[in-house]
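**Q** Quick one, run-v7.txt (compact mmCIF, C-alpha atoms and all ligand atoms):
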# COMPACT_ATOMS: atom_id res chain seq x y z
CA MET A 1 18.08 9.95 7.07
CA ARG A 2 15.46 7.81 5.34
CA LYS A 3 13.75 10.95 4.11
CA THR A 4 16.72 12.02 2.02
CA LEU A 5 16.05 9.39 -0.59
CA SER A 6 15.01 11.36 -3.56
CA THR A 7 18.24 11.40 -5.53
CA LEU A 8 19.06 7.80 -4.79
CA CYS A 9 15.61 6.74 -5.77
CA LEU A 10 15.62 8.55 -9.06
CA ILE A 11 18.76 6.60 -9.95
CA LEU A 12 17.07 3.44 -8.75
CA MET A 13 14.11 4.01 -11.01
CA THR A 14 16.09 4.83 -14.11
CA SER A 15 18.71 2.12 -13.71
CA CYS A 16 16.26 -0.69 -13.17
CA ALA A 17 15.58 -3.38 -15.74
CA ALA A 18 12.82 -2.70 -18.25
CA THR A 19 9.34 -3.31 -16.91
CA LYS A 20 8.12 -6.80 -17.61
CA LEU A 21 4.55 -7.02 -18.78
CA PHE A 22 4.14 -10.78 -18.92
CA ASN A 23 3.78 -13.72 -16.56
CA ARG A 24 2.25 -11.59 -13.85
CA ASP A 25 0.64 -13.32 -10.91
CA ASP A 26 -0.33 -10.44 -8.67
CA SER A 27 -2.38 -12.64 -6.35
CA LYS A 28 0.88 -13.84 -4.82
CA LYS A 29 2.30 -10.41 -4.11
CA ILE A 30 2.29 -9.60 -0.40
CA VAL A 31 0.77 -6.30 0.67
CA VAL A 32 1.62 -5.14 4.18
CA ALA A 33 -0.29 -2.30 5.81
CA HIS A 34 2.65 -0.44 7.35
CA ARG A 35 1.72 0.75 10.86
CA GLY A 36 -1.97 0.23 9.87
CA ALA A 37 -3.59 2.51 7.31
CA SER A 38 -1.03 5.07 8.44
CA GLY A 39 -1.40 7.33 5.42
CA TYR A 40 -4.95 8.14 6.53
CA LEU A 41 -5.01 7.78 10.31
CA PRO A 42 -2.33 8.18 12.97
CA GLU A 43 0.04 5.21 12.86
CA HIS A 44 -0.41 2.31 15.25
CA THR A 45 -3.93 3.12 16.40
CA LEU A 46 -6.85 0.69 16.44
CA VAL A 47 -8.78 2.81 13.93
CA ALA A 48 -5.82 2.68 11.55
CA TYR A 49 -5.72 -1.11 11.88
CA ALA A 50 -9.48 -1.45 11.32
CA MET A 51 -9.21 0.65 8.18
CA ALA A 52 -6.25 -1.42 6.95
CA HIS A 53 -8.28 -4.57 7.51
CA SER A 54 -11.00 -3.18 5.23
CA PHE A 55 -8.37 -2.97 2.44
CA ASN A 56 -8.07 -6.79 2.51
CA VAL A 57 -4.27 -6.67 2.68
CA ASP A 58 -2.22 -9.76 3.45
CA TYR A 59 -0.63 -8.54 6.69
CA ILE A 60 -1.06 -5.67 9.11
CA GLU A 61 2.02 -4.36 10.89
CA PRO A 62 2.39 -3.41 14.55
CA ASP A 63 5.76 -2.32 15.99
CA LEU A 64 6.27 -3.51 19.58
CA VAL A 65 7.88 -1.96 22.64
CA MET A 66 7.52 -2.80 26.34
CA THR A 67 6.09 -0.93 29.28
CA LYS A 68 7.34 -0.61 32.85
CA ASP A 69 4.83 -3.28 33.90
CA ASN A 70 6.00 -5.70 31.21
CA GLN A 71 3.15 -5.23 28.75
CA LEU A 72 3.63 -5.00 25.01
CA ILE A 73 2.35 -1.83 23.45
CA ILE A 74 2.30 -0.75 19.85
CA MET A 75 4.63 2.09 19.13
CA HIS A 76 7.28 2.71 16.48
CA ASP A 77 9.77 4.38 18.80
CA ILE A 78 11.05 3.47 22.23
CA HIS A 79 10.35 7.15 22.95
CA LEU A 80 6.88 8.69 23.19
CA ASP A 81 7.83 12.19 22.10
CA LYS A 82 6.97 12.20 18.39
CA THR A 83 3.49 10.69 18.37
CA THR A 84 1.94 11.43 21.78
CA ASN A 85 1.20 14.34 24.10
CA VAL A 86 3.39 12.87 26.86
CA LYS A 87 5.07 16.25 27.51
CA GLU A 88 1.73 17.77 28.52
CA VAL A 89 0.44 14.84 30.58
CA PHE A 90 3.65 13.80 32.36
CA PRO A 91 5.97 16.85 32.11
CA ASN A 92 8.30 15.58 34.85
CA ARG A 93 8.92 12.08 33.59
CA LYS A 94 11.64 12.65 30.98
CA ARG A 95 15.09 11.14 31.34
CA SER A 96 18.30 13.15 31.56
CA ASP A 97 18.59 13.05 27.75
CA GLY A 98 15.32 15.00 27.55
CA MET A 99 13.32 12.09 26.08
CA PHE A 100 10.24 10.29 27.40
CA TYR A 101 10.65 6.49 27.28
CA ALA A 102 7.65 4.14 26.99
CA ILE A 103 9.48 1.71 29.25
CA ASP A 104 9.28 4.19 32.17
CA PHE A 105 5.45 4.14 32.15
CA THR A 106 2.83 1.54 33.04
CA LEU A 107 0.19 0.58 30.50
CA LYS A 108 -2.41 2.36 32.63
CA GLU A 109 -0.36 5.57 32.47
CA LEU A 110 0.23 5.23 28.75
CA LYS A 111 -3.51 4.91 28.18
CA LYS A 112 -3.85 8.53 29.39
CA LEU A 113 -1.94 9.77 26.34
CA LYS A 114 -3.34 10.83 22.99
CA VAL A 115 -1.69 9.54 19.84
CA SER A 116 -1.42 11.89 16.92
CA GLU A 117 0.10 11.99 13.45
CA ARG A 118 3.92 11.81 13.29
CA LEU A 119 4.14 14.05 10.21
CA LYS A 120 2.82 17.30 11.66
CA ASP A 121 3.06 19.55 8.60
CA SER A 122 1.49 17.16 6.15
CA LYS A 123 -1.85 16.43 4.54
CA ARG A 124 -2.32 13.52 6.90
CA PHE A 125 -4.77 13.27 9.82
CA PRO A 126 -4.87 16.58 11.77
CA SER A 127 -3.41 16.45 15.29
CA ASP A 128 -6.12 18.66 16.80
CA LEU A 129 -8.78 16.10 15.79
CA SER A 130 -6.78 13.15 17.07
CA HIS A 131 -8.10 11.47 20.23
CA PHE A 132 -6.73 7.98 19.84
CA GLN A 133 -5.02 5.79 22.45
CA ILE A 134 -1.90 3.66 22.35
CA PRO A 135 -3.08 0.07 21.85
CA SER A 136 -1.63 -2.93 23.63
CA PHE A 137 -0.48 -5.81 21.42
CA GLU A 138 -3.29 -7.93 22.84
CA GLU A 139 -5.91 -5.33 21.90
CA PHE A 140 -4.48 -5.26 18.39
CA ILE A 141 -4.64 -9.04 18.04
CA GLU A 142 -8.20 -9.18 19.37
CA LEU A 143 -9.25 -6.52 16.86
CA ILE A 144 -7.68 -8.38 13.93
CA GLN A 145 -9.00 -11.77 15.01
CA GLY A 146 -12.44 -10.27 15.59
CA LEU A 147 -12.50 -8.64 12.17
CA ASN A 148 -11.21 -11.81 10.56
CA LYS A 149 -14.25 -13.55 12.01
CA SER A 150 -16.86 -10.90 11.27
CA ARG A 151 -15.49 -10.18 7.77
CA GLN A 152 -14.69 -13.83 6.97
CA LYS A 153 -11.02 -13.06 6.29
CA SER A 154 -7.71 -14.51 7.35
CA ILE A 155 -5.56 -11.39 7.38
CA GLY A 156 -2.22 -12.00 9.04
CA ILE A 157 -0.09 -9.96 11.41
CA ILE A 158 3.59 -9.06 11.07
CA PRO A 159 4.78 -7.65 14.40
CA GLU A 160 8.20 -6.02 14.56
CA ILE A 161 10.19 -6.37 17.77
CA LYS A 162 11.72 -2.92 18.27
CA ASP A 163 15.20 -2.50 19.68
CA PRO A 164 15.63 -5.79 21.56
CA GLU A 165 19.13 -4.74 22.68
CA PHE A 166 17.72 -1.65 24.42
CA HIS A 167 15.04 -3.75 26.11
CA ILE A 168 17.60 -6.28 27.37
CA LYS A 169 19.71 -3.43 28.80
CA GLU A 170 16.60 -2.24 30.61
CA GLY A 171 16.03 -5.74 32.01
CA LYS A 172 13.09 -6.60 29.74
CA ASP A 173 12.98 -9.68 27.53
CA ILE A 174 10.72 -8.38 24.79
CA VAL A 175 11.35 -11.48 22.70
CA VAL A 176 10.01 -13.99 25.21
CA LYS A 177 7.03 -11.74 25.94
CA THR A 178 6.22 -11.42 22.22
CA LEU A 179 6.32 -15.18 21.74
CA ALA A 180 4.11 -15.68 24.81
CA VAL A 181 1.44 -13.29 23.54
CA LEU A 182 1.53 -14.82 20.06
CA ALA A 183 1.14 -18.29 21.56
CA LYS A 184 -1.73 -17.12 23.78
CA TYR A 185 -3.64 -16.22 20.61
CA GLY A 186 -2.71 -19.37 18.67
CA TYR A 187 -0.12 -17.90 16.31
CA ASP A 188 2.42 -20.56 17.25
CA LYS A 189 0.13 -23.13 15.63
CA ASN A 190 -0.84 -21.43 12.38
CA ASP A 191 0.93 -19.46 9.66
CA GLN A 192 -0.89 -16.18 10.24
CA ALA A 193 2.00 -14.35 11.90
CA ILE A 194 5.50 -13.34 10.84
CA ILE A 195 7.95 -11.81 13.32
CA GLN A 196 10.22 -9.08 11.95
CA CYS A 197 13.31 -7.57 13.51
CA PHE A 198 16.36 -5.54 12.44
CA HIS A 199 18.57 -7.36 14.96
CA GLN A 200 19.90 -10.55 13.43
CA ASN A 201 20.84 -12.32 16.67
CA THR A 202 17.33 -11.83 18.00
CA LEU A 203 15.87 -13.70 15.02
CA LYS A 204 18.50 -16.44 15.36
CA ARG A 205 17.68 -16.74 19.04
CA ILE A 206 13.96 -17.12 18.26
CA LYS A 207 14.67 -19.83 15.70
CA PHE A 208 17.54 -21.81 17.21
CA GLN A 209 17.38 -21.22 20.96
CA LEU A 210 13.69 -20.66 21.61
CA LYS A 211 12.74 -23.11 18.82
CA SER A 212 9.80 -21.07 17.61
CA LYS A 213 8.02 -22.28 14.47
CA ILE A 214 6.70 -18.80 13.65
CA LYS A 215 8.01 -17.39 10.36
CA LEU A 216 10.81 -14.84 10.76
CA PHE A 217 11.67 -11.82 8.66
CA GLN A 218 15.05 -10.07 8.58
CA LEU A 219 14.81 -6.31 8.24
CA ILE A 220 17.81 -4.63 6.62
CA ALA A 221 18.87 -1.13 7.65
CA ASP A 222 21.76 1.07 6.61
CA ASN A 223 24.65 0.80 9.07
CA SER A 224 24.78 4.59 9.39
CA TRP A 225 21.33 4.64 11.08
CA LYS A 226 22.74 2.63 14.03
CA GLU A 227 19.43 0.80 14.21
CA THR A 228 20.98 -2.24 15.97
CA SER A 229 24.46 -3.76 16.35
CA THR A 230 23.90 -5.96 13.28
CA ASP A 231 26.27 -5.32 10.37
CA TYR A 232 23.91 -4.90 7.41
CA ASN A 233 26.79 -4.66 4.93
CA ARG A 234 27.63 -8.22 5.85
CA LEU A 235 24.02 -9.33 5.38
CA LEU A 236 23.99 -7.72 1.93
CA THR A 237 26.33 -10.30 0.43
CA PRO A 238 25.69 -13.72 -1.13
CA GLU A 239 27.03 -15.36 2.06
CA GLY A 240 24.96 -13.09 4.28
CA MET A 241 21.83 -13.98 2.38
CA GLN A 242 22.63 -17.69 2.59
CA GLU A 243 22.89 -17.33 6.35
CA ILE A 244 19.59 -15.44 6.61
CA ALA A 245 17.91 -18.28 4.72
CA THR A 246 18.78 -20.67 7.58
CA TYR A 247 16.32 -18.88 9.89
CA ALA A 248 14.14 -16.46 7.93
CA TYR A 249 11.28 -16.56 5.47
CA GLY A 250 12.24 -13.28 3.87
CA ILE A 251 14.03 -9.96 4.00
CA GLY A 252 12.83 -6.39 4.26
CA PRO A 253 15.35 -4.00 2.70
CA TRP A 254 15.00 -0.24 2.50
CA TYR A 255 13.96 0.07 -1.15
CA PRO A 256 16.92 2.22 -2.33
CA GLN A 257 19.17 -0.68 -1.30
CA LEU A 258 17.80 -2.68 -4.22
CA LYS A 259 19.74 -0.58 -6.69
CA ASP A 260 23.28 -1.15 -5.44
CA GLN A 261 23.45 -4.84 -4.83
CA ALA A 262 22.16 -7.96 -6.51
CA ILE A 263 19.87 -8.37 -3.53
CA MET A 264 16.99 -9.76 -5.53
CA THR A 265 19.14 -12.45 -7.11
CA TRP A 266 20.90 -13.44 -3.90
CA ALA A 267 17.63 -13.51 -1.98
CA HIS A 268 15.65 -15.45 -4.55
CA ASN A 269 18.51 -17.90 -5.06
CA ASN A 270 18.08 -18.66 -1.37
CA LYS A 271 14.27 -18.79 -1.62
CA LEU A 272 13.87 -15.67 0.50
CA LYS A 273 10.91 -13.38 -0.09
CA VAL A 274 11.84 -9.73 -0.63
CA ILE A 275 9.39 -7.18 0.79
CA PRO A 276 10.94 -3.69 0.88
CA TYR A 277 9.80 -0.71 2.93
CA THR A 278 8.14 1.82 2.58
CA HIS A 279 5.74 2.90 -0.18
CA ARG A 280 4.29 6.35 0.57
CA LEU A 281 2.11 8.31 -1.84
CA ASP A 282 3.22 11.51 -0.13
CA ASP A 283 6.93 10.66 -0.21
CA LEU A 284 7.60 9.18 -3.64
CA PRO A 285 11.09 9.25 -5.17
CA SER A 286 11.56 12.54 -6.95
CA GLY A 287 10.72 12.60 -10.65
CA VAL A 288 8.77 9.35 -10.46
CA ASN A 289 5.01 8.96 -10.24
CA ASN A 290 3.27 6.34 -8.17
CA GLU A 291 2.48 4.04 -11.10
CA GLU A 292 6.09 4.13 -12.30
CA PHE A 293 7.42 3.50 -8.80
CA LEU A 294 5.19 0.47 -8.16
CA ASN A 295 5.80 -0.84 -11.68
CA GLU A 296 9.54 -0.80 -11.15
CA LEU A 297 9.32 -2.39 -7.72
CA PHE A 298 6.94 -5.20 -8.70
CA TYR A 299 7.78 -5.85 -12.36
CA GLY A 300 11.28 -4.39 -12.70
CA TYR A 301 12.89 -5.66 -9.51
CA GLU A 302 10.21 -8.35 -9.05
CA VAL A 303 9.84 -7.84 -5.35
CA ASP A 304 7.48 -10.23 -3.59
CA GLY A 305 5.56 -7.52 -1.77
CA VAL A 306 5.79 -4.12 -0.22
CA PHE A 307 5.22 -2.30 3.07
CA SER A 308 2.93 0.63 2.37
CA ASP A 309 1.36 3.50 4.30
CA PHE A 310 -1.26 3.51 1.53
CA SER A 311 -1.91 -0.20 1.13
CA ASP A 312 -5.30 0.35 -0.53
CA ASN A 313 -3.43 2.04 -3.36
CA VAL A 314 -1.09 -0.95 -3.74
CA MET A 315 -4.06 -3.35 -3.71
CA ARG A 316 -5.65 -1.33 -6.53
CA PHE A 317 -2.38 -1.24 -8.46
CA LEU A 318 -2.19 -5.03 -8.22
CA LYS A 319 -5.86 -5.19 -9.24
CA ARG A 320 -6.68 -7.08 -6.09
CA ASN A 321 -9.69 -4.96 -5.20
O1 LIG A 401 9.14 -3.12 9.40
C1 LIG A 401 9.27 -2.62 8.10
C2 LIG A 401 9.50 -1.21 8.28
O2 LIG A 401 8.44 -0.80 9.10
C3 LIG A 401 10.80 -0.93 8.96
O3 LIG A 401 10.94 0.36 9.21
O4 LIG A 401 11.15 2.13 10.78
O5 LIG A 401 8.99 1.83 9.64
O6 LIG A 401 9.69 0.26 11.41
P1 LIG A 401 10.14 1.17 10.32
CA CA A 402 8.15 -1.55 11.35
Write out the structure in this file as structure tokens.

**A**
Amino acid sequence: MRKTLSTLCLILMTSCAATKLFNRDDSKKIVVAHRGASGYLPEHTLVAYAMAHSFNVDYIEPDLVMTKDNQLIIMHDIHLDKTTNVKEVFPNRKRSDGMFYAIDFTLKELKKLKVSERLKDSKRFPSDLSHFQIPSFEEFIELIQGLNKSRQKSIGIIPEIKDPEFHIKEGKDIVVKTLAVLAKYGYDKNDQAIIQCFHQNTLKRIKFQLKSKIKLFQLIADNSWKETSTDYNRLLTPEGMQEIATYAYGIGPWYPQLKDQAIMTWAHNNKLKVIPYTHRLDDLPSGVNNEEFLNELFYGYEVDGVFSDFSDNVMRFLKRN
């Protein structure tokens, strides 16, 4: 669904306000390494995170799901099918729907799998050369904190809690576990972490029930994707945005959504940062080059940042390296 953007995005580019070439302060734009340096190395692997760290981005993104033995691992999907060789290693462990679920495996079992590139027929990292493991969230944090020390940086993390409703149905409280791991590594006492989620009630629970002080970030999907039970059409209104501002630091819309609604105005009126997803050099809107695309996002729409598979490219565009 998200891949069929081209037409929408061409309209987005041509309908946007004229590019503003004054009053730029690019040092404040937020660059997020989406799933690590995922344009160059398989997403959500430690090598991809180390490479992203070398780009000196502001935040590095892991997506979180839970294992059978209640560990947090880094994986975009609740299923293992698209980015691992689970079918070869555990051929008999699929569910009746034919899918292999991370939650049915222990961390030790998951460590036996190889992670490879999601986009098989692309110019990205070749699957036959891919021998990377699924990282745990704790391994990820230790890598980032270690590199922050050795490289004298303070690069933040922006974990996304994936499908909390599915986890609850499976008897796993991924939210409480995420907060516990973040607290173990001190993120409850600094501003180096932001928690993102598509499910609005999960973010409200973190803020109002669990009383976390960690910054929260509301992701916005299209209702047709059935990402969660949240009604994103309701969020994309002035009232919806006012409500988000009671618990969140910012919003992450799918970038074509910027064209239809006055999202930027509503969000900024409520002091919400707007960081859309996802900039990809190998999946640009049709008829638009990379420079034009980033120009329109940053200086046409005046977004506050962007999620990018090629975050080094965005850093160069912003003249931050
Ligand atoms: O979290 C921002 C963006 O990553 C949301 O989309 O599907 O890539 O997790 P997805
Ligand atoms: Ca994500």

**Q** If you count only C-alpha atoms, which residues fall within 7 Å of Arg280 in chain A, apart from same-chain ones fewer than 2 positions away, as a list in words?

**A**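 The residues that qualify are Thr278, Asp282, Asp283, Leu284, Ser308, Asp309 and Phe310 of chain A.
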
**Q** Enumerate residues in contact with ligand LIG 401 (chain A): an atom-to-atom distance of at most 9 Å, counting only C-alpha atoms and all ligand atoms. Format the result as a PDB file with C-alpha atoms, keeping the file's coordinate frame.

**A**
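Contents of pocket.pdb, as written:
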ATOM      1  CA  ARG A   2      15.460   7.810   5.340  1.00  0.00           C
ATOM      2  CA  VAL A  32       1.620  -5.140   4.180  1.00  0.00           C
ATOM      3  CA  HIS A  34       2.650  -0.440   7.350  1.00  0.00           C
ATOM      4  CA  ARG A  35       1.720   0.750  10.860  1.00  0.00           C
ATOM      5  CA  GLU A  61       2.020  -4.360  10.890  1.00  0.00           C
ATOM      6  CA  PRO A  62       2.390  -3.410  14.550  1.00  0.00           C
ATOM      7  CA  ASP A  63       5.760  -2.320  15.990  1.00  0.00           C
ATOM      8  CA  HIS A  76       7.280   2.710  16.480  1.00  0.00           C
ATOM      9  CA  ASP A  77       9.770   4.380  18.800  1.00  0.00           C
ATOM     10  CA  ILE A 158       3.590  -9.060  11.070  1.00  0.00           C
ATOM     11  CA  PRO A 159       4.780  -7.650  14.400  1.00  0.00           C
ATOM     12  CA  GLU A 160       8.200  -6.020  14.560  1.00  0.00           C
ATOM     13  CA  LYS A 162      11.720  -2.920  18.270  1.00  0.00           C
ATOM     14  CA  GLN A 196      10.220  -9.080  11.950  1.00  0.00           C
ATOM     15  CA  CYS A 197      13.310  -7.570  13.510  1.00  0.00           C
ATOM     16  CA  PHE A 198      16.360  -5.540  12.440  1.00  0.00           C
ATOM     17  CA  LEU A 219      14.810  -6.310   8.240  1.00  0.00           C
ATOM     18  CA  ILE A 220      17.810  -4.630   6.620  1.00  0.00           C
ATOM     19  CA  ALA A 221      18.870  -1.130   7.650  1.00  0.00           C
ATOM     20  CA  GLY A 252      12.830  -6.390   4.260  1.00  0.00           C
ATOM     21  CA  PRO A 253      15.350  -4.000   2.700  1.00  0.00           C
ATOM     22  CA  TRP A 254      15.000  -0.240   2.500  1.00  0.00           C
ATOM     23  CA  ILE A 275       9.390  -7.180   0.790  1.00  0.00           C
ATOM     24  CA  PRO A 276      10.940  -3.690   0.880  1.00  0.00           C
ATOM     25  CA  TYR A 277       9.800  -0.710   2.930  1.00  0.00           C
ATOM     26  CA  THR A 278       8.140   1.820   2.580  1.00  0.00           C
ATOM     27  CA  PHE A 307       5.220  -2.300   3.070  1.00  0.00           C
ATOM     28  CA  SER A 308       2.930   0.630   2.370  1.00  0.00           C
TER      29      SER A 308
END

**Q** What is the CA of Phe317 in chain A to CA of Ser286 in chain A distance in Å?

**A**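 Between CA of Phe317 in chain A and CA of Ser286 in chain A the gap works out to 19.7 Å.
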
**Q** Could you tell me how far CA of Ile103 in chain A lies from CA of Gln192 in chain A, in Å and to one decimal?

**A**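 A separation of 28.1 Å between them.
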
**Q** Ranking A:Glu302, A:Glu227, A:Asp81, A:Glu139 by minimum distance to Thr45 in chain A and counting only C-alpha atoms, which one comes first?

**A** A:Glu139

**Q** Could you tell me how far CA of Val47 in chain A sits from CA of Lys68 in chain A, in Å to one decimal place?

**A**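 Atom-to-atom, CA of Lys68 in chain A to CA of Val47 in chain A, that is 25.1 Å.
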
**Q** Fewer than 3 positions away in the same chain doesn't count, so skip those; otherwise give me all residues within 10 Å of Gln242 in chain A, counting only C-alpha atoms, as a ChimeraX atom specification.

**A** /A:235,237-239,245-247,266-267,269-272

**Q** Could you give me, as a PyMOL selection string, the residues within 12 Å of Arg320 in chain A, counting all atoms listed in the file and dropping anything in the same chain fewer than 3 positions from it?

**A** chain A and resi 25-31+55-58+311-317

**Q** Taking all atoms of range 93-106 of chain A that the file lists, what box with edges along x, y and z, padded by 5 Å per side, do you get, with centre and edge lengths in Å to one decimal, as AutoDock Vina command-line options?

**A**
--center_x 10.7 --center_y 8.3 --center_z 29.8 --size_x 25.8 --size_y 23.5 --size_z 17.5

**Q** Nearest to ligand CA 402 (chain A) among A:Gln218, A:Asn201, A:Asn85, A:Ser212, with distances taken over all atoms listed in the file: which residue is it?

**A** A:Gln218

**Q** Name the residues in contact with range 181-190 of chain A at a cut-off of 12 Å, using all atoms listed in the file, excluding same-chain residues fewer than 5 positions from it; report them as number ranges by chain.

**A** A: 64, 70-73, 136-146, 154, 156-159, 174-176, 195, 211-215

**Q** Nearest residue to ligand CA 402 (chain A) out of A:Glu88, A:Asp69, A:Asp163, A:Asp104, using only C-alpha atoms and all ligand atoms?

**A** A:Asp163

**Q** Just want the 12 Å neighbourhood of Leu129 in chain A, counted on only C-alpha atoms, with same-chain residues fewer than 2 positions away dropped. Output as a PyMOL selection string.

**A** chain A and resi 41-42+114-117+124-127+131-132

**Q** For a quick check of understanding, using only C-alpha atoms, which of A:His279, A:Tyr249, A:Gln257, A:Glu165 has the smallest distance to Thr230 in chain A?

**A**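 Residue with the minimum atom-to-atom distance to Thr230 in chain A: A:Glu165.
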
**Q** Of the candidates A:Ser38, A:Ser96, A:Asn233, A:Asn223, which shows the shortest atom-to-atom distance to ligand CA 402 (chain A), using only C-alpha atoms and all ligand atoms?

**A** A:Ser38

**Q** Between A:Met99, A:Ile161, A:Leu119, A:Leu210, which is the closest to ligand CA 402 (chain A) once you count only C-alpha atoms and all ligand atoms?

**A**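 For ligand CA 402 (chain A), the nearest of the candidates is A:Ile161.
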